[in-house]
Every structure is written in C-alpha cells, then in structure tokens.
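K.L.:
Quick one, model_33.txt (compact mmCIF, C-alpha atoms):
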# COMPACT_ATOMS: atom_id res chain seq x y z
CA MET A 1 -25.39 55.72 20.48
CA ARG A 2 -22.26 54.08 18.99
CA LYS A 3 -23.23 55.22 15.50
CA ILE A 4 -23.07 58.95 16.16
CA LYS A 5 -19.45 60.03 15.75
CA PRO A 6 -17.52 63.32 15.58
CA ASN A 7 -18.11 65.31 12.36
CA THR A 8 -21.58 63.78 11.91
CA CYS A 9 -23.96 66.40 10.53
CA VAL A 10 -27.00 66.79 12.82
CA TRP A 11 -30.20 68.80 12.90
CA LEU A 12 -31.46 70.27 16.18
CA THR A 13 -35.23 70.58 16.42
CA VAL A 14 -35.62 73.53 18.78
CA SER A 15 -39.38 73.86 18.25
CA ALA A 16 -41.89 71.82 16.25
CA PRO A 17 -44.12 73.44 13.59
CA ARG A 18 -47.49 74.69 14.83
CA ASP A 19 -49.31 73.78 11.61
CA ILE A 20 -48.61 72.22 8.21
CA ASP A 21 -47.66 75.55 6.62
CA GLN A 22 -44.69 76.00 8.97
CA LYS A 23 -41.35 74.17 9.16
CA GLY A 24 -40.59 74.75 12.81
CA ASP A 25 -37.21 75.82 14.18
CA ILE A 26 -34.58 73.35 12.92
CA ARG A 27 -30.89 74.30 13.11
CA LYS A 28 -28.00 72.53 11.38
CA SER A 29 -24.86 71.63 13.33
CA VAL A 30 -22.10 69.02 13.66
CA VAL A 31 -21.02 66.57 16.37
CA LEU A 32 -17.79 67.61 18.10
CA ASP A 33 -17.32 64.72 20.54
CA ARG A 34 -19.09 61.86 22.33
CA VAL A 35 -18.19 60.60 25.80
CA GLY A 36 -20.37 57.69 26.90
CA GLU A 37 -23.94 58.99 26.70
CA ARG A 38 -22.81 62.62 26.54
CA ILE A 39 -22.73 64.28 23.11
CA ALA A 40 -21.08 67.61 22.29
CA VAL A 41 -22.60 69.47 19.34
CA GLU A 42 -21.28 72.73 17.93
CA GLN A 43 -23.35 75.82 18.65
CA PRO A 44 -25.28 76.49 15.38
CA GLU A 45 -25.18 79.82 13.51
CA THR A 46 -28.40 80.81 15.25
CA PRO A 47 -27.30 79.91 18.79
CA LEU A 48 -29.31 78.26 21.55
CA ASP A 49 -29.33 80.44 24.65
CA ARG A 50 -28.98 79.40 28.29
CA SER A 51 -32.72 79.57 28.89
CA MET A 52 -32.91 76.18 27.14
CA LEU A 53 -30.63 74.45 29.65
CA ASN A 54 -32.23 71.26 31.08
CA SER A 55 -34.84 71.23 28.32
CA VAL A 56 -35.22 68.29 25.91
CA VAL A 57 -33.99 68.87 22.34
CA SER A 58 -34.35 66.48 19.39
CA LEU A 59 -31.22 65.63 17.41
CA SER A 60 -31.43 63.78 14.08
CA TRP A 61 -28.87 62.55 11.57
CA LEU A 62 -28.72 60.34 8.46
CA GLU A 63 -27.08 56.97 8.02
CA LEU A 64 -27.21 54.06 5.59
CA GLY A 65 -29.39 51.19 6.83
CA GLU A 66 -28.67 47.48 6.51
CA LYS A 67 -31.02 47.10 3.51
CA GLY A 68 -29.60 50.07 1.63
CA HIS A 69 -32.27 52.56 2.71
CA ILE A 70 -31.19 55.96 3.94
CA CYS A 71 -32.29 56.11 7.59
CA ARG A 72 -32.94 59.12 9.77
CA ARG A 73 -31.97 58.33 13.36
CA MET A 74 -33.46 60.53 16.08
CA LEU A 75 -32.43 61.18 19.65
CA ASP A 76 -34.20 63.19 22.35
CA ALA A 77 -31.80 64.37 25.06
CA HIS A 78 -31.42 67.04 27.75
CA LEU A 79 -29.26 70.09 27.03
CA VAL A 80 -27.10 70.10 30.17
CA GLN A 81 -24.24 72.51 29.41
CA ILE A 82 -23.13 75.29 27.05
CA ALA A 83 -19.36 75.71 27.26
CA PRO A 84 -16.23 76.64 25.24
CA PHE A 85 -14.72 73.82 23.17
CA ALA A 86 -11.33 73.65 21.45
CA THR A 87 -10.52 71.51 18.41
CA ARG A 88 -7.08 71.09 16.85
CA ASP A 89 -7.45 74.16 14.68
CA ARG A 90 -10.06 76.42 16.26
CA LYS A 91 -12.09 77.37 19.28
CA THR A 92 -15.87 77.21 19.34
CA THR A 93 -18.83 76.69 21.70
CA ALA A 94 -20.30 73.27 22.43
CA LEU A 95 -23.80 72.23 23.40
CA TRP A 96 -23.53 69.21 25.70
CA PHE A 97 -26.45 66.75 25.67
CA ASP A 98 -26.95 64.00 28.26
CA ASP A 99 -29.64 61.72 29.73
CA PRO A 100 -31.17 60.48 26.43
CA VAL A 101 -34.94 60.32 26.72
CA ARG A 102 -35.35 57.98 23.75
CA ILE A 103 -33.67 56.89 20.54
CA TYR A 104 -35.69 55.88 17.48
CA TYR A 105 -35.26 55.73 13.72
CA GLY A 106 -36.95 55.24 10.38
CA THR A 107 -36.18 55.27 6.67
CA LEU A 108 -36.84 58.52 4.81
CA ARG A 109 -40.27 58.95 3.25
CA ARG A 110 -40.10 59.67 -0.47
CA GLY A 111 -42.24 62.44 -1.91
CA PHE A 112 -44.43 65.25 -0.63
CA ARG A 113 -46.89 64.49 2.19
CA VAL A 114 -49.99 66.29 3.45
CA ALA A 115 -51.39 66.42 6.98
CA VAL A 116 -54.86 64.86 7.20
CA PRO A 117 -57.44 67.25 8.76
CA GLU A 118 -59.63 65.81 11.51
CA GLN A 119 -62.81 66.72 9.60
CA ALA A 120 -61.75 64.36 6.79
CA LYS A 121 -62.54 61.39 9.08
CA ALA A 122 -59.68 59.45 7.51
CA CYS A 123 -58.43 56.31 9.20
CA LEU A 124 -56.52 53.12 8.56
CA ARG A 125 -57.63 49.56 9.25
CA LEU A 126 -55.15 46.73 9.75
CA PRO A 127 -56.59 43.25 9.06
CA ASP A 128 -54.58 40.11 9.75
CA ALA A 129 -54.28 37.09 7.42
CA PHE A 130 -57.77 35.92 8.45
CA GLY A 131 -59.47 39.31 8.00
CA ASN A 132 -59.65 40.06 11.73
CA ASP A 133 -58.36 43.31 13.21
CA LEU A 134 -54.63 43.11 13.96
CA GLY A 135 -54.90 45.47 16.94
CA LEU A 136 -57.38 46.30 19.69
CA GLU A 137 -59.04 49.13 17.71
CA LYS A 138 -61.23 48.83 14.61
CA SER A 139 -59.23 51.60 12.92
CA TYR A 140 -56.50 54.16 13.60
CA PRO A 141 -56.53 57.87 12.64
CA LEU A 142 -54.36 58.95 9.71
CA VAL A 143 -51.81 61.66 10.54
CA ASP A 144 -50.57 62.36 7.02
CA LEU A 145 -50.71 60.94 3.52
CA SER A 146 -48.37 60.89 0.52
CA ARG A 147 -48.59 59.34 -2.94
CA ASN A 148 -46.73 56.24 -1.79
CA GLY A 149 -47.33 56.03 1.96
CA ALA A 150 -49.17 57.15 5.08
CA ARG A 151 -48.59 57.77 8.76
CA PHE A 152 -51.10 56.81 11.45
CA ALA A 153 -51.38 57.15 15.23
CA CYS A 154 -51.89 54.32 17.71
CA LYS A 155 -52.34 54.67 21.45
CA LYS A 156 -49.96 52.29 23.20
CA PHE A 157 -52.72 51.03 25.49
CA GLY A 158 -56.12 50.30 23.96
CA HIS A 159 -59.54 49.10 25.08
CA SER A 160 -60.39 45.42 25.14
CA PRO A 161 -63.21 43.33 26.68
CA HIS A 162 -60.79 42.50 29.51
CA GLY A 163 -59.83 46.13 30.19
CA ASP A 164 -57.07 48.37 28.91
CA ARG A 165 -53.98 46.54 27.70
CA LEU A 166 -51.02 46.92 25.37
CA ASP A 167 -52.11 47.25 21.74
CA PRO A 168 -50.15 44.80 19.50
CA VAL A 169 -50.07 47.43 16.72
CA SER A 170 -47.91 49.68 18.93
CA GLU A 171 -45.31 46.87 19.03
CA LEU A 172 -44.81 46.81 15.25
CA LYS A 173 -41.20 47.41 14.20
CA VAL A 174 -39.48 49.09 11.27
CA ASP A 175 -39.43 46.78 8.19
CA ASP A 176 -42.49 44.79 9.38
CA LEU A 177 -44.91 43.91 6.54
CA LEU A 178 -48.69 44.25 6.95
CA ARG A 179 -51.96 44.65 5.06
CA CYS A 180 -53.72 48.02 5.34
CA ILE A 181 -57.02 49.57 4.25
CA ILE A 182 -57.45 53.36 4.05
CA LEU A 183 -60.97 54.62 4.77
CA LEU A 184 -62.45 58.10 4.29
CA ASP A 185 -65.68 58.78 6.19
CA GLY A 186 -66.28 55.03 6.31
CA ARG A 187 -65.65 54.48 2.57
CA GLU A 188 -62.75 52.26 1.51
CA LEU A 189 -60.24 54.17 -0.62
CA LEU A 190 -57.29 51.81 -0.93
CA HIS A 191 -56.17 48.25 -0.11
CA ALA A 192 -52.42 47.68 -0.03
CA ASP A 193 -49.57 45.70 1.45
CA ALA A 194 -47.19 48.06 3.20
CA VAL A 195 -43.91 48.05 5.12
CA VAL A 196 -43.27 50.02 8.32
CA ARG A 197 -40.63 52.66 7.58
CA THR A 198 -40.82 54.95 10.60
CA LYS A 199 -41.73 54.54 14.26
CA LEU A 200 -41.99 57.58 16.54
CA LEU A 201 -43.07 57.74 20.19
CA ARG A 202 -45.12 60.62 21.60
CA GLY A 203 -46.05 61.33 25.22
CA SER A 204 -45.25 59.11 28.18
CA GLY A 205 -46.76 56.47 30.46
CA GLN A 206 -50.38 55.46 29.86
CA ASP A 207 -50.83 58.41 27.46
CA GLU A 208 -47.97 57.34 25.19
CA GLU A 209 -48.85 57.32 21.51
CA VAL A 210 -47.00 55.65 18.64
CA HIS A 211 -46.82 57.14 15.14
CA LEU A 212 -46.06 54.56 12.44
CA GLY A 213 -45.08 55.53 8.89
CA LEU A 214 -45.95 53.08 6.11
CA GLU A 215 -44.70 52.76 2.55
CA PHE A 216 -47.05 51.00 0.12
CA GLU A 217 -45.43 48.01 -1.59
CA ARG A 218 -48.27 46.16 -3.35
CA PHE A 219 -51.69 47.29 -4.55
CA ILE A 220 -54.66 45.00 -3.85
CA PRO A 221 -57.79 45.46 -6.05
CA MET A 222 -61.09 45.85 -4.19
CA GLY A 223 -62.39 42.37 -3.44
CA GLY A 224 -59.12 40.80 -4.58
CA GLY A 225 -56.69 38.62 -2.70
CA GLN A 226 -52.96 38.12 -2.44
CA ASP A 227 -52.86 36.47 -5.88
CA ASP A 228 -54.26 39.66 -7.43
CA ALA A 229 -51.64 41.94 -5.85
CA GLU A 230 -49.31 43.96 -8.07
CA PRO A 231 -46.39 46.29 -7.30
CA PHE A 232 -47.56 49.70 -6.12
CA SER A 233 -46.93 52.21 -8.92
CA GLU A 234 -47.78 55.69 -10.18
CA LYS A 235 -51.16 54.63 -11.57
CA HIS A 236 -52.24 53.41 -8.13
CA SER A 237 -51.22 56.66 -6.45
CA ARG A 238 -53.38 58.89 -8.66
CA VAL A 239 -56.49 58.50 -6.54
CA ILE A 240 -54.43 59.36 -3.44
CA ALA A 241 -53.16 62.53 -5.16
CA VAL A 242 -56.77 63.71 -5.63
CA TYR A 243 -57.46 63.44 -1.90
CA MET A 244 -54.13 65.06 -1.02
CA ASP A 245 -55.25 68.16 -2.95
CA ARG A 246 -58.56 68.13 -1.09
CA PHE A 247 -56.82 67.82 2.28
CA LEU A 248 -54.65 70.82 1.45
CA ARG A 249 -57.69 72.92 0.56
CA MET A 250 -59.55 71.77 3.68
CA SER A 251 -56.63 72.69 5.93
CA ARG A 252 -56.23 76.13 4.43
CA SER A 253 -59.92 77.04 4.18
CA ARG A 254 -61.04 75.18 7.34
CA ASP A 255 -63.80 73.71 5.16
CA ASN A 256 -65.88 70.99 6.83
CA GLY A 257 -66.69 69.08 3.67
CA ILE A 258 -64.68 66.49 1.79
Let's see the structure in the file written out as structure tokens.

P.N.:
Amino acid sequence: MRKIKPNTCVWLTVSAPRDIDQKGDIRKSVVLDRVGERIAVEQPETPLDRSMLNSVVSLSWLELGEKGHICRRMLDAHLVQIAPFATRDRKTTALWFDDPVRIYYGTLRRGFRVAVPEQAKACLRLPDAFGNDLGLEKSYPLVDLSRNGARFACKKFGHSPHGDRLDPVSELKVDDLLRCIILLDGRELLHADAVVRTKLLRGSGQDEEVHLGLEFERFIPMGGGQDDAEPFSEKHSRVIAVYMDRFLRMSRSRDNGI
C-alpha cells in the first residue's frame, strides 16, 4: 500500500472480458490521495455511477521491480464513496476505495497471448528435481499461452491419499524457478525451465484458485537433462506459435479438433 502515491496512473477494471475477443471495461485514472488504507482516485472520463458503491473494483498500476522488471501491481478494494475533491488548482470528483480484499503483483508478460480452449486438452506438468510431481495433481490446466510463456490454474486445495490439503504449487511465489512440461491431449509439446512472473488469486475459501504466469528461460530437448539446456529463443517458440494459431481458430469456430 505504501507504494501507491498521489499522481500514480491507475487502471480501473470495472468489468472483465466475457471472451478472448473482448477487452472488458477498463478505465484510466489517477490517484488523488491515500489515507491509511483508503485511496482516492479521480473519477475517469467515463464515470462510475453510484450503483457500484460497495462493490469490489480492481485497481492496477505499474512500477519498477527490484530486478529491473516492470511490474504490474493489482489491488481489489471496495468502492465506498463518490464525493467532490479539491486539489490546489481545480475541483473534481473522487472515488474512495477502502477495505482492500487482496493485493498481488507480477511482471508484465511480453508478447501476444492466446486463451487455451478446453477442447484442446492442454495442461502443464511440474516435475521436481527427481522427476516426481511437484504438486498434488498430475497436471494443471493451461489458461493461456504465448511464444515465451504460459499461464496455468491450480486449485489451492488438492486431493491426496490423506484427504484434501494445501497444494504446494499454490504456494509458489513470483521469481521462483521450476521445470515445466506442456502437454496437448497427453502428448508432450515442450520441456523448459521457467520463472514465475505473475500470481493471481481467484475465488475464496476452499474454492480459491491460483493462476500462475510463467516465462520460459531455458529450453530442454526431449530426453535431455540440465546439461543439455540452452537459453529459450525464437527458434524454440516456433512450435508454440503453430499451436497458438490453432487455438485461435478453435476458439472462433468452436471446432472440437486440434
């Protein structure tokens, strides 16, 4: 909360996109003031009306991370008041946000990304150093894919022989390194070392789901080991680009084949 200061440019996510062809309702604004956990944001050009009072709105802004990456920090908070606000040189209207629901962040993904249709049966496996599964599940569904990264979903609580318990994968943090294998309909497409760039939380309680964004750092040849790894480059992303085109066609035509 300390990092968001007056004059910080913010984006208000009023409504999320319904499908991959839409951008949702995102409105640009600026921070006017911050008092404790209360944040005053200027009413955007397309104003929020009073029917949204007490609803949760997502605010996001950019900042430079410790390792030089541009980070997008996100905050979900309740809109508690819409009131006049006076600065030194003008009068405007402020949206007051309070009671933060959650704060999370991630570095920006580079490049275009495509949502992965359910019929593609695309998932991601996370082996540990000994080849065993890092988490409670054998694999995790892919949410989207780009030429240099992917995002997958993990339920916070998974199934184990001893009953439901916290999945270790959901506890991964931004900048953690891990090995990943992308599978399509059971076939292995890519082996790579990746770094966690984004962590988003969805839902609440036992139904909470974690979305983790990965950026590929090293390519691992099929059947190869750590000694065979090489920096992830354009030539390694070409096969991903082929499937990205197929995912786009599947989403638009609702085709069931891959």

K.L.:
Is there a way to get, as number ranges by chain, all residues within 12 Å of the point (-28.0, 77.3, 23.2) in file coordinates, counting only C-alpha atoms?

P.N.:
A: 12-14, 27, 29, 40-57, 78-84, 93-97

K.L.:
Between CA of Tyr243 in chain A and CA of Pro141 in chain A, what distance in Å does the model show, to one decimal?

P.N.:
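Distance between the two atoms: 15.6 Å.
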
K.L.:
Can you list, as a list in words, every protein, DNA or RNA residue that comes within 10 Å of Leu201 in chain A when you count all atoms listed in the file, leaving out same-chain residues fewer than 5 positions away?

P.N.:
Arg102, Ile103, Tyr104, Ala153, Cys154, Lys155, Lys156, Ser170, Glu208, Glu209, Val210, His211 and Leu212 of chain A

K.L.:
Which residue gives the smallest distance to Gly186 in chain A among A:Glu215, A:Lys173, A:Ser139, A:Leu75, with only C-alpha atoms counted?

P.N.:
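Among the listed residues, the smallest separation from Gly186 in chain A belongs to A:Ser139.
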
K.L.:
Quick check, in Å to one decimal: how far apart do CA of Glu37 in chain A and CA of Arg73 in chain A lie?

P.N.:
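Between CA of Glu37 in chain A and CA of Arg73 in chain A the gap works out to 15.6 Å.
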
K.L.:
Between A:His159, A:Arg90, A:Leu183, A:Leu134, which has the minimum distance to Ala122 in chain A (counting all atoms listed in the file)?

P.N.:
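The closest residue to Ala122 in chain A is A:Leu183.
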
K.L.:
Got a sec: who's within 8 Å of Gly158 in chain A, counting all atoms listed in the file, leaving out chain neighbours fewer than 3 positions off, as a ChimeraX atom specification?

P.N.:
/A:136-137,155,164-167

K.L.:
Of the candidates A:Val30, A:Val101, A:Val10, A:Leu142, which shows the shortest atom-to-atom distance to Pro117 in chain A, using all atoms listed in the file?

P.N.:
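Comparing A:Val30, A:Val101, A:Val10, A:Leu142 against Pro117 in chain A, the winner is A:Leu142.
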
K.L.:
Between CA of Met244 in chain A and CA of Asp144 in chain A, what distance in Å does the model show, to one decimal?

P.N.:
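Rounded to one decimal, the two atoms are 9.2 Å apart.
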
K.L.:
Which of these residues is nearest to Val242 in chain A, using all atoms listed in the file: A:Val31, A:Leu177, A:Ala129, A:Leu189?

P.N.:
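Going through A:Val31, A:Leu177, A:Ala129, A:Leu189 one by one, the smallest distance to Val242 in chain A is for A:Leu189.
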
K.L.:
For a quick check of understanding, using only C-alpha atoms, which of A:Val196, A:Pro231, A:Ile220, A:Val239 has the smallest distance to Val174 in chain A?

P.N.:
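Checking each of A:Val196, A:Pro231, A:Ile220, A:Val239 against Val174 in chain A, counting only C-alpha atoms, the winner is A:Val196.
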
K.L.:
A:Val169, A:Leu190, A:Leu32, A:Val114: which is nearest His236 in chain A, counting only C-alpha atoms?

P.N.:
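Nearest candidate to His236 in chain A out of A:Val169, A:Leu190, A:Leu32, A:Val114: A:Leu190.
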
K.L.:
Near Asp175 in chain A, within 9 Å and counting all atoms listed in the file, which residues show up once chain neighbours fewer than 3 positions away are dropped, as a ChimeraX atom specification?

P.N.:
/A:172,195-198
